[in-house]
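Inspection log for the structure reproduced underneath, given as structure tokens.
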Amino acid sequence: MFFCSISGEPPQDPVISTKSGQVYERRLILKYITDNGTDPLTGEKLEESDLLTIKANPKTAPPRPAAATSTPALLHMLQNEWDALVLEMFALKQQYNSTRQELSYALYAQDAASRVIARLIRERDAAREALANVQATMGIAPASGAAEDVEMAEENGAQEGALPKEIVDQIDETQQNLSATRKKRKAPAGYTSTAEVKTFVATHTIPSLHSASPAGMTSLAVSRLNPSQFLTGGNDKIVQLYDRSTDKVLASLKGHTNKVNQVAFREHEGESTLVLSAGADKIAKIWAHDSASSEYIPKATIRTHKGGLTGLVVHPTNSIFALSSLDKTYSLHELSNFTQVYRSAPGEDAFTSLAIHPDGALLALGTPSSKIQICDVRSGNIAASITPPDASPFTVNSLSFSENGYHLLAPDSHSSVAIWDLRKMKTAHTIPLGEGFKVNKVLYDYSAQYLGVAGSEGIRVFAHKSWDELVRFEEAGDVSDIVFGEQGKEIWATSGREVRIWGLPA
């Protein structure tokens, strides 16, 4: 019997080397020759032509293993195979019975759910019929859609036309009260000074918010009543409420089918806190805080627009909010019953950003054609239209009124911002940011002393009037949104999946 000099086993196709006289398995020696070109034992040059086939008769066969050379050993092997087969059959029977039980439970649960749904439908129909009978008896016309869920579609709200008189009266009263105080108002005591802003350093980073795919946050809102809590909207279609003091996600609010573009709080004394969001899926959603369960409960879904929503602001009255859309319209909605009270006529351009005057009488709307429209909230008329002089077409993706109401901050190109004097309707100053800087968000602080610009190369903060750059934070990278904290002592920003905070050094 031959044994291969490489594997040590009897070869199935034996060959012998004419150079060394050693026996090899053909496939093994051919592979070795291909890789090395030499005899594996002597190191001499070896080619396939140097191999001779060994013809053995009768054919040699590999020996049986020692465990299979006796009858008791064969019986033991067969017994082991039988035991393994029986155990496998037992396991299959167990899985079969378990699957049958799961299927039986699922069918039972489905049947029970169908019965409950059928009962609820019968009860709903009976209640509707009873209500219709009572209304008919009392001579009351039934309200359209009264029995439906709070899904605000286009036909459920007011269309083009004037606002209801009671809302106009609220806006007028709010404007008079705010305008009488804000023009004389100075920065609150203890508000951050220019010198302090220059010393701001990174103080806190909250990582890994929202999903990793698709990653990124688009918007940020910080609670006024509880400054440690903030909202973020993400590319993952989710609105998150986070508590910085406990480093915990308080709520992950779902319902959007595309990225969330804007988020906002409605915080009003004596009323529950509302969380609002507007998305690229053409809908706005509203959740209300339930004090009993400390959870946020869905209250309304607004579907009045035919294009993605680009702006969301709560009016200073805290009774209405505004939406802007790529369908070239904007709309106003009540926060008491979530109905639409006004919808503008379609304009020439889509609306890409939205801001509200601190008095609540004016709306500013950005467009993709570099133009900014300023509209009267009460009448819907365009009060003014401003365009940067000699500007190449660009998208006005962010707007911010100063707190005194005299100025409007807006991009005047992809890499510069302009401060518009609303009393003269012309540019008061332009701040270039560099060719590589792409503006994502502009914002005035509460005191109107500072203005922040967030973009592809981080954050820059400037002093109002002197226009000096006070501080910049380039380590944040591409920043999508920026918020000034309480008393101006912090700057919050969203970058990727992180919320970064800068403030006074410890």
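The chains in the structure tokens are called A, B, ... from first to last as shown; in each chain the residues are counted from 1, and the ligands are counted from 1 in the order shown.
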Region 279-295 of chain A environment, 10 Å, only C-alpha atoms, sequence neighbours closer than 5 positions dropped, as a PyMOL selection string:
chain A and resi 151-153+233-235+237-239+250-251+253-266+271-274+300-312+323+325-327+335+338
If you count only C-alpha atoms, which residues fall within 10 Å of region 210-222 of chain A, apart from same-chain ones fewer than 2 positions away, as a ChimeraX atom specification?
/A:207-208,224-242,249,252,259-265,275,277,440-441,479-486,492-499
Given only C-alpha atoms as the counted atoms, nearest of A:Ile54, A:Val439, A:Val313, A:Leu46 to Tyr32 (chain A)
A:Leu46
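With only C-alpha atoms taken into account, the protein and nucleic acid residues at most 10 Å from Phe200 (chain A) (excluding it and anything under 2 positions from it in its own chain) are Ala195, Glu196, Val197, Lys198, Ala202, Thr203, Leu470, Val471, Arg472, Phe473, Lys489, Glu490, Ile491, Ile501, Trp502, Gly503, Leu504 and Pro505 of chain A.
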Run DSSP on the backbone of this structure and report the residues of region 163-377 of chain A it assigns to helix (DSSP H, G or I), as a ChimeraX atom specification.
/A:165-182,194-197
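Excluding region 173-189 of chain A itself and any same-chain residue fewer than 6 positions from it, the protein and nucleic acid residues within 6 Å of it, counting only C-alpha atoms, are A:Asp359, A:Asn404, A:Ser447.
The space between CA of Glu88 (chain A) and CA of Leu107 (chain A) spans 28.7 Å.
For the atom pair formed by CA of Leu363 (chain A) and CA of Ile171 (chain A), the distance is 12.5 Å, given to one decimal.
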Give me the residues near Lys424 (chain A) as number ranges by chain, where near means some atom within 12 Å (using only C-alpha atoms) and where sequence neighbours in that chain fewer than 5 positions away do not count.
A: 384, 386, 406-408, 419
Spatial neighbours of Leu433 (chain A), max dist 10 Å, only C-alpha atoms, sep filter under 5 positions, as a list in words
Ser413, His414, Ser415, Ser416, Val417, Lys438, Val439, Val453, Gly455, Glu457 and Arg460 of chain A
